[in-house]
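Source file: input-v6.cif (mmCIF, C-alpha atoms)
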data_run
loop_
_atom_site.label_atom_id
_atom_site.label_comp_id
_atom_site.auth_asym_id
_atom_site.auth_seq_id
_atom_site.Cartn_x
_atom_site.Cartn_y
_atom_site.Cartn_z
CA MET Y 21 29.95 12.52 43.18
CA LYS Y 22 28.34 15.73 44.53
CA PHE Y 23 24.64 16.19 43.94
CA SER Y 24 25.22 19.32 41.82
CA THR Y 25 27.78 17.49 39.68
CA LEU Y 26 25.42 14.55 39.28
CA MET Y 27 22.57 16.84 38.24
CA THR Y 28 24.80 18.57 35.70
CA ALA Y 29 25.72 15.19 34.21
CA VAL Y 30 22.09 14.13 34.10
CA LEU Y 31 21.05 17.37 32.40
CA LEU Y 32 23.88 17.16 29.87
CA THR Y 33 22.91 13.57 29.05
CA ALA Y 34 19.24 14.52 28.71
CA GLY Y 35 20.17 17.42 26.45
CA LEU Y 36 22.32 15.18 24.29
CA LEU Y 37 19.52 12.63 24.01
CA ALA Y 38 17.02 15.33 23.12
CA ALA Y 39 19.36 16.76 20.51
CA THR Y 40 19.96 13.32 19.03
CA SER Y 41 16.23 12.63 19.00
CA GLY Y 42 15.49 15.95 17.32
CA ALA Y 43 18.19 15.41 14.71
CA SER Y 44 16.86 11.99 13.82
CA ALA Y 45 14.00 13.59 11.87
CA GLN Y 46 16.37 15.73 9.78
CA THR Y 47 16.47 13.52 6.73
CA LEU Y 48 18.62 15.70 4.48
CA LYS Y 49 21.39 15.94 7.10
CA LYS Y 50 21.21 12.18 7.66
CA VAL Y 51 21.43 11.59 3.91
CA ALA Y 52 24.33 14.01 3.45
CA ASP Y 53 26.29 12.60 6.39
CA SER Y 54 25.82 8.97 5.34
CA ASN Y 55 26.10 9.57 1.56
CA LYS Y 56 22.98 7.41 1.20
CA ILE Y 57 19.20 7.69 1.00
CA THR Y 58 17.01 4.65 1.62
CA VAL Y 59 13.62 4.57 -0.10
CA SER Y 60 10.90 1.96 0.05
CA TYR Y 61 8.87 0.16 -2.55
CA ARG Y 62 5.82 -2.12 -2.49
CA GLU Y 63 5.83 -5.54 -4.09
CA SER Y 64 2.22 -5.67 -5.33
CA SER Y 65 0.64 -2.19 -5.35
CA VAL Y 66 -0.11 -2.03 -9.09
CA PRO Y 67 0.28 0.46 -10.77
CA PHE Y 68 1.97 2.52 -8.05
CA SER Y 69 4.84 0.32 -6.93
CA TYR Y 70 5.23 -3.35 -7.79
CA LEU Y 71 7.76 -5.95 -8.79
CA ILE Y 72 8.33 -7.25 -12.28
CA GLY Y 73 10.73 -10.13 -12.01
CA SER Y 74 12.28 -10.78 -8.62
CA THR Y 75 13.94 -7.46 -7.79
CA LYS Y 76 12.96 -4.54 -10.04
CA ALA Y 77 10.17 -2.28 -8.76
CA VAL Y 78 8.27 -0.17 -11.30
CA GLY Y 79 5.24 2.08 -11.21
CA PHE Y 80 3.82 5.56 -10.91
CA SER Y 81 5.03 6.05 -7.32
CA VAL Y 82 8.44 4.60 -8.15
CA GLU Y 83 8.90 7.34 -10.75
CA LEU Y 84 7.75 9.97 -8.23
CA THR Y 85 10.39 8.60 -5.85
CA GLU Y 86 13.09 8.84 -8.51
CA ALA Y 87 12.19 12.49 -9.22
CA ILE Y 88 12.45 13.28 -5.50
CA ILE Y 89 15.82 11.49 -5.29
CA ASP Y 90 17.11 13.67 -8.15
CA ASP Y 91 16.16 16.78 -6.17
CA VAL Y 92 17.77 15.36 -3.02
CA ARG Y 93 21.03 14.87 -4.98
CA LYS Y 94 20.94 18.54 -6.01
CA LYS Y 95 20.08 19.72 -2.50
CA VAL Y 96 22.96 17.84 -0.83
CA LYS Y 97 25.26 18.60 -3.80
CA ASN Y 98 26.10 14.95 -4.36
CA PRO Y 99 25.35 13.58 -7.85
CA ASN Y 100 26.79 10.20 -6.78
CA LEU Y 101 24.48 9.79 -3.78
CA GLU Y 102 23.92 6.10 -3.02
CA VAL Y 103 20.30 4.93 -3.21
CA ALA Y 104 19.14 1.84 -1.30
CA TYR Y 105 15.76 0.29 -2.11
CA MET Y 106 13.82 -1.51 0.61
CA PRO Y 107 10.59 -3.51 0.33
CA VAL Y 108 7.89 -2.65 2.87
CA THR Y 109 4.41 -3.98 3.63
CA SER Y 110 1.20 -2.33 4.79
CA GLN Y 111 2.03 -3.54 8.29
CA ASN Y 112 5.66 -2.42 8.68
CA ARG Y 113 5.86 0.70 6.48
CA ILE Y 114 5.11 3.20 9.29
CA PRO Y 115 7.27 1.77 12.12
CA LEU Y 116 10.27 1.30 9.82
CA LEU Y 117 9.99 4.90 8.62
CA VAL Y 118 9.59 6.29 12.13
CA ASN Y 119 12.63 4.39 13.49
CA GLY Y 120 14.86 5.61 10.66
CA THR Y 121 15.30 2.32 8.79
CA TYR Y 122 14.33 4.09 5.58
CA ASP Y 123 13.69 7.72 4.61
CA LEU Y 124 10.80 8.02 2.15
CA GLU Y 125 7.76 6.00 1.06
CA CYS Y 126 5.91 6.84 -2.14
CA GLY Y 127 3.53 3.94 -2.62
CA SER Y 128 -0.19 3.58 -2.03
CA THR Y 129 -0.46 4.91 1.52
CA THR Y 130 -3.56 6.79 2.64
CA ASN Y 131 -2.99 10.10 4.38
CA ASN Y 132 -5.37 10.15 7.35
CA THR Y 133 -5.49 11.90 10.71
CA ALA Y 134 -4.60 8.78 12.70
CA ARG Y 135 -1.39 8.21 10.73
CA GLY Y 136 -0.65 11.93 10.89
CA LYS Y 137 0.11 11.47 14.59
CA ASP Y 138 3.15 9.37 13.67
CA VAL Y 139 4.28 10.51 10.20
CA ALA Y 140 3.97 13.40 7.74
CA PHE Y 141 2.55 13.32 4.22
CA ALA Y 142 3.39 15.22 1.06
CA ILE Y 143 0.89 16.72 -1.41
CA SER Y 144 -1.73 14.11 -2.33
CA HIS Y 145 -0.99 12.33 -5.61
CA PHE Y 146 -4.08 10.11 -5.90
CA PHE Y 147 -7.62 9.68 -4.53
CA THR Y 148 -9.38 6.34 -4.13
CA GLY Y 149 -11.95 4.47 -2.02
CA THR Y 150 -12.69 0.95 -0.73
CA ARG Y 151 -14.52 -1.39 -3.13
CA LEU Y 152 -14.66 -5.15 -3.69
CA LEU Y 153 -12.85 -7.56 -6.00
CA VAL Y 154 -14.96 -10.68 -6.61
CA LYS Y 155 -15.30 -13.58 -9.00
CA LYS Y 156 -18.00 -12.82 -11.57
CA SER Y 157 -19.49 -16.23 -10.85
CA SER Y 158 -20.06 -15.28 -7.18
CA GLY Y 159 -23.09 -13.11 -7.92
CA ILE Y 160 -21.90 -10.50 -5.40
CA LYS Y 161 -22.78 -6.94 -6.44
CA ASN Y 162 -22.55 -4.92 -3.22
CA TYR Y 163 -21.85 -5.11 0.50
CA ALA Y 164 -25.25 -6.48 1.53
CA ASP Y 165 -24.39 -9.64 -0.43
CA LEU Y 166 -21.49 -10.30 1.98
CA ALA Y 167 -23.65 -11.07 5.03
CA LYS Y 168 -22.14 -14.00 7.00
CA LYS Y 169 -19.52 -14.54 4.27
CA THR Y 170 -15.73 -14.54 4.41
CA VAL Y 171 -14.11 -11.35 3.12
CA ALA Y 172 -10.40 -10.70 2.60
CA SER Y 173 -8.38 -7.54 3.10
CA THR Y 174 -4.69 -6.83 3.73
CA THR Y 175 -2.99 -6.55 7.11
CA GLY Y 176 -2.17 -2.99 8.19
CA THR Y 177 -4.51 -1.21 5.76
CA THR Y 178 -7.26 1.33 6.40
CA ASN Y 179 -9.52 -0.86 4.25
CA ALA Y 180 -9.48 -3.68 6.80
CA GLN Y 181 -10.67 -1.20 9.44
CA VAL Y 182 -13.32 0.26 7.11
CA ILE Y 183 -14.84 -3.10 6.13
CA ARG Y 184 -14.80 -4.34 9.74
CA LYS Y 185 -16.66 -1.20 10.91
CA TYR Y 186 -19.10 -1.38 7.99
CA SER Y 187 -19.92 -5.01 8.84
CA ALA Y 188 -20.54 -4.11 12.49
CA ASP Y 189 -22.61 -1.00 11.66
CA LYS Y 190 -24.82 -2.92 9.22
CA ASN Y 191 -24.95 -6.16 11.27
CA LEU Y 192 -23.60 -8.15 8.33
CA ASP Y 193 -21.49 -10.52 10.46
CA MET Y 194 -18.75 -10.79 7.81
CA GLN Y 195 -15.78 -13.02 8.62
CA LEU Y 196 -12.62 -11.01 7.86
CA ILE Y 197 -9.36 -12.73 6.94
CA LEU Y 198 -6.17 -10.79 6.25
CA GLY Y 199 -3.53 -11.42 3.62
CA LYS Y 200 0.07 -10.40 4.33
CA ASP Y 201 0.12 -8.35 1.12
CA HIS Y 202 -2.24 -7.58 -1.76
CA ASP Y 203 -1.14 -10.56 -3.86
CA ASP Y 204 -1.88 -12.82 -0.89
CA SER Y 205 -5.34 -11.27 -0.44
CA LEU Y 206 -6.10 -11.72 -4.16
CA LEU Y 207 -5.10 -15.36 -3.87
CA LEU Y 208 -7.67 -15.84 -1.08
CA VAL Y 209 -10.40 -14.93 -3.60
CA GLU Y 210 -8.89 -16.88 -6.50
CA ASN Y 211 -8.69 -20.00 -4.28
CA ASP Y 212 -12.25 -19.48 -2.92
CA ARG Y 213 -11.12 -18.97 0.66
CA ALA Y 214 -12.87 -15.58 0.54
CA VAL Y 215 -15.74 -14.36 -1.65
CA ALA Y 216 -14.44 -10.79 -1.91
CA PHE Y 217 -11.31 -8.71 -1.39
CA ALA Y 218 -11.95 -5.24 0.10
CA MET Y 219 -9.28 -2.73 -0.95
CA ASP Y 220 -8.70 0.62 -2.67
CA ASP Y 221 -10.41 0.35 -6.04
CA ILE Y 222 -7.34 1.40 -8.05
CA LEU Y 223 -5.27 -1.38 -6.49
CA LEU Y 224 -8.04 -3.86 -7.28
CA PHE Y 225 -8.07 -2.80 -10.95
CA GLY Y 226 -4.29 -3.17 -11.09
CA LEU Y 227 -4.30 -6.58 -9.43
CA MET Y 228 -7.11 -7.78 -11.68
CA ALA Y 229 -5.29 -6.64 -14.84
CA ASN Y 230 -2.21 -8.66 -13.90
CA SER Y 231 -4.04 -11.68 -12.43
CA LYS Y 232 -4.03 -15.20 -13.86
CA ASN Y 233 -7.54 -14.86 -15.29
CA PRO Y 234 -8.69 -11.19 -15.43
CA ALA Y 235 -11.89 -12.07 -17.32
CA SER Y 236 -13.14 -14.10 -14.35
CA LEU Y 237 -12.96 -11.16 -11.91
CA ASP Y 238 -14.84 -7.92 -11.38
CA VAL Y 239 -14.63 -4.83 -9.17
CA VAL Y 240 -18.02 -4.09 -7.59
CA GLY Y 241 -19.71 -2.18 -4.79
CA ASP Y 242 -20.07 1.45 -3.82
CA SER Y 243 -16.96 3.39 -2.87
CA LEU Y 244 -17.11 3.57 0.91
CA GLN Y 245 -14.90 6.61 1.52
CA VAL Y 246 -12.40 8.95 -0.14
CA GLU Y 247 -8.75 8.19 0.60
CA PRO Y 248 -5.94 10.51 -0.54
CA TYR Y 249 -2.55 8.90 -1.19
CA GLY Y 250 0.60 10.80 -0.30
CA CYS Y 251 4.33 10.18 -0.09
CA MET Y 252 5.18 9.51 3.54
CA LEU Y 253 8.09 10.96 5.53
CA ARG Y 254 9.06 11.46 9.14
CA LYS Y 255 7.28 14.08 11.24
CA ASP Y 256 8.85 17.36 12.31
CA ASP Y 257 11.14 17.58 9.29
CA PRO Y 258 9.95 20.74 7.48
CA GLU Y 259 13.09 20.98 5.32
CA PHE Y 260 12.59 17.53 3.78
CA LYS Y 261 8.83 18.00 3.43
CA LYS Y 262 9.47 21.27 1.59
CA LEU Y 263 11.76 19.45 -0.85
CA VAL Y 264 9.31 16.57 -1.46
CA ASP Y 265 6.36 18.94 -1.86
CA GLY Y 266 8.50 21.07 -4.16
CA THR Y 267 9.23 18.14 -6.46
CA ILE Y 268 5.56 17.18 -6.68
CA THR Y 269 4.46 20.81 -7.15
CA ARG Y 270 6.91 21.28 -10.01
CA MET Y 271 5.71 18.08 -11.69
CA MET Y 272 2.05 19.03 -11.27
CA LYS Y 273 2.56 22.54 -12.67
CA SER Y 274 4.81 21.51 -15.58
CA GLY Y 275 2.56 18.78 -16.94
CA GLU Y 276 5.10 16.07 -16.06
CA PHE Y 277 2.71 14.64 -13.46
CA SER Y 278 -0.13 14.38 -16.01
CA ARG Y 279 2.18 12.66 -18.51
CA LEU Y 280 3.24 10.21 -15.80
CA TYR Y 281 -0.43 9.58 -14.96
CA THR Y 282 -1.22 8.80 -18.61
CA LYS Y 283 1.72 6.38 -18.76
CA TRP Y 284 0.61 4.31 -15.73
CA PHE Y 285 -3.19 4.64 -15.67
CA GLU Y 286 -4.26 5.06 -19.30
CA SER Y 287 -1.61 3.13 -21.27
CA PRO Y 288 -0.41 -0.49 -21.39
CA ILE Y 289 1.73 -1.32 -18.35
CA PRO Y 290 4.15 -4.16 -17.61
CA PRO Y 291 4.33 -7.07 -17.36
CA LYS Y 292 1.28 -8.00 -19.47
CA GLY Y 293 0.79 -4.79 -21.43
CA VAL Y 294 -2.75 -4.30 -20.10
CA SER Y 295 -4.14 -0.77 -19.72
CA LEU Y 296 -6.21 0.17 -16.68
CA ASN Y 297 -8.05 2.78 -18.79
CA LEU Y 298 -8.63 4.97 -15.74
CA PRO Y 299 -8.92 8.70 -16.56
CA MET Y 300 -7.80 11.16 -13.90
CA SER Y 301 -10.52 11.83 -11.32
CA GLN Y 302 -11.91 15.32 -10.82
CA GLN Y 303 -10.51 15.34 -7.28
CA LEU Y 304 -6.99 14.73 -8.56
CA LYS Y 305 -7.41 17.31 -11.35
CA ASP Y 306 -8.47 19.83 -8.70
CA ASN Y 307 -5.45 18.96 -6.57
CA LEU Y 308 -3.06 19.75 -9.42
CA LYS Y 309 -4.06 23.35 -8.65
CA ALA Y 310 -4.86 23.15 -4.93
CA LEU Y 311 -1.65 21.24 -4.06
CA SER Y 312 -3.32 20.02 -0.86
CA ASP Y 313 -1.92 17.56 1.65
CA LYS Y 314 -5.21 17.46 3.61
CA PRO Y 315 -5.77 14.08 5.28
CA ALA Y 316 -8.85 11.87 5.22
CA MET Y 317 -10.66 11.80 8.52
#
As structure tokens, how would this structure be written, given the file I've shared?
Amino acid sequence: MKFSTLMTAVLLTAGLLAATSGASAQTLKKVADSNKITVSYRESSVPFSYLIGSTKAVGFSVELTEAIIDDVRKKVKNPNLEVAYMPVTSQNRIPLLVNGTYDLECGSTTNNTARGKDVAFAISHFFTGTRLLVKKSSGIKNYADLAKKTVASTTGTTNAQVIRKYSADKNLDMQLILGKDHDDSLLLVENDRAVAFAMDDILLFGLMANSKNPASLDVVGDSLQVEPYGCMLRKDDPEFKKLVDGTITRMMKSGEFSRLYTKWFESPIPPKGVSLNLPMSQQLKDNLKALSDKPAM
């Protein structure tokens, strides 16, 4: 083969690969071509996305996902669009989104600048911060009480990084152990393998409400940092981000979002019918007007 012919072939191949790579982020085209959208859910992120029974996911973020799916159906003009539901963990949610295994995650994922290098986030739908779940009998009230003690968090979360850095900065010499999911981390405290579970406070309240013995547990400690949650999608896909943001904007402006909040944060929720009694924070109220997708640092 002549050099010029070889170079032409190489350039054509490179162009094809680049085009394929660029198209991979175009979620709506992918969905339309395959007649299917794949969305994720979490198994124990109460009250955002969690299982009741063995297969059915429910929660605030699940209902956000369903609203977005309805708008995707309208956009691709396919009312019979197939929907596949896929469980993800804190550890695998980003790589599986990036490689195209699934298309959208509305769960309890913090939008921060580090993650923004790999994925995009929609308008923030919740604000939280790291606190501690402990047994009331432990006597632990704040982070200074954790010096040289074993503390749990969950693999792949920002909270594990936050508590590790806090321990180092304050010379507390905590021993950090990581559960594979939030239920696993809670179990480490319930079984006395850890004295505290460091996680987003809203998830701790949800886990406590549905635990075996809620009266024995407490959420304590200062909130270490503000973390905005957002639905997560692939980068460089402005068309899909516009649709997802559009769904959330409409819900926030119409009052549907506030009604959904009341249902999952201020009313009895399954499976035990316990209410978290958590009024909407001022930050979230402000974001119903600001419609910001600004990340945490």
**Study point:** Residue members of the PyMOL selection byres ((chain Y and resi 246-263) around 7) in the file shown, as an NGL selection string
**Key:** :Y and (45-48 or 117-118 or 123-131 or 138-149 or 245 or 264-267 or 315-316)
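When all atoms listed in the file are used to measure the gap to Lys292 in chain Y, the shortest distance among Y:Ile268, Y:Lys305, Y:Ser231, Y:Val154 belongs to Y:Ser231.
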Could you build a table of the residues in range 268-307 of chain Y lying no more than 10 Å from range 52-71 of chain Y, giving for each the nearest pair of atoms and their separation in Å rounded to one decimal place, using all atoms listed in the file, ordered by chain and ascending residue number, as CSV?
residue,atom,partner,partner_atom,distance
Y:Trp284,CA,Y:Pro67,CA,6.3
Y:Phe285,CA,Y:Pro67,CA,7.3
Y:Ile289,CA,Y:Pro67,CA,7.9
Y:Pro290,CA,Y:Pro67,CA,9.1
Y:Pro291,CA,Y:Leu71,CA,9.3
Y:Leu296,CA,Y:Pro67,CA,8.8
Give as a CSV table (one decimal) with C-alpha atoms, in the frame of the given file the residues that the PyMOL selection byres ((chain Y and resi 181) around 12) matches when applied to the coordinates above.
chain,number,residue,atom,x,y,z
Y,150,THR,CA,-12.7,1.0,-0.7
Y,172,ALA,CA,-10.4,-10.7,2.6
Y,173,SER,CA,-8.4,-7.5,3.1
Y,174,THR,CA,-4.7,-6.8,3.7
Y,175,THR,CA,-3.0,-6.6,7.1
Y,176,GLY,CA,-2.2,-3.0,8.2
Y,177,THR,CA,-4.5,-1.2,5.8
Y,178,THR,CA,-7.3,1.3,6.4
Y,179,ASN,CA,-9.5,-0.9,4.2
Y,180,ALA,CA,-9.5,-3.7,6.8
Y,182,VAL,CA,-13.3,0.3,7.1
Y,183,ILE,CA,-14.8,-3.1,6.1
Y,184,ARG,CA,-14.8,-4.3,9.7
Y,185,LYS,CA,-16.7,-1.2,10.9
Y,186,TYR,CA,-19.1,-1.4,8.0
Y,187,SER,CA,-19.9,-5.0,8.8
Y,188,ALA,CA,-20.5,-4.1,12.5
Y,196,LEU,CA,-12.6,-11.0,7.9
Y,197,ILE,CA,-9.4,-12.7,6.9
Y,198,LEU,CA,-6.2,-10.8,6.2
Y,218,ALA,CA,-12.0,-5.2,0.1
Y,219,MET,CA,-9.3,-2.7,-1.0
Y,244,LEU,CA,-17.1,3.6,0.9
Y,245,GLN,CA,-14.9,6.6,1.5
Review point. Which value, in Å to one decimal, gives the distance between CA of Ser236 in chain Y and CA of Ala167 in chain Y?
Key: 22.3 Å
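Distance-wise, CA of Asp313 in chain Y and CA of Gly136 in chain Y end up 10.9 Å apart.
Each of Y:Phe277, Y:Val171, Y:Asn297, Y:Lys309 was compared to Glu83 in chain Y using only C-alpha atoms, and Y:Phe277 turns out to be the nearest.
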Practice item. Would you be able to write out as a VMD selection string which residues have an atom within 12 Å of (-10.3, -19.9, 2.7) in the file's coordinates, counting all atoms listed in the file? Key: chain Y and resid 169 to 172 195 to 199 204 to 217
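The gap separating CA of Tyr122 in chain Y from CA of Met106 in chain Y is 7.5 Å, in Å to one decimal.
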Written as an mmCIF file with C-alpha atoms, keeping the file's coordinate frame, what is the full residue list that the PyMOL selection byres ((chain Y and resi 159-162) around 7) yields on the file shown?
data_model
loop_
_atom_site.group_PDB
_atom_site.id
_atom_site.type_symbol
_atom_site.label_atom_id
_atom_site.label_comp_id
_atom_site.auth_asym_id
_atom_site.auth_seq_id
_atom_site.Cartn_x
_atom_site.Cartn_y
_atom_site.Cartn_z
ATOM 1 C CA LYS Y 156 -18.000 -12.820 -11.570
ATOM 2 C CA SER Y 157 -19.490 -16.230 -10.850
ATOM 3 C CA SER Y 158 -20.060 -15.280 -7.180
ATOM 4 C CA TYR Y 163 -21.850 -5.110 0.500
ATOM 5 C CA ALA Y 164 -25.250 -6.480 1.530
ATOM 6 C CA ASP Y 165 -24.390 -9.640 -0.430
ATOM 7 C CA VAL Y 240 -18.020 -4.090 -7.590
ATOM 8 C CA GLY Y 241 -19.710 -2.180 -4.790
ATOM 9 C CA ASP Y 242 -20.070 1.450 -3.820
#
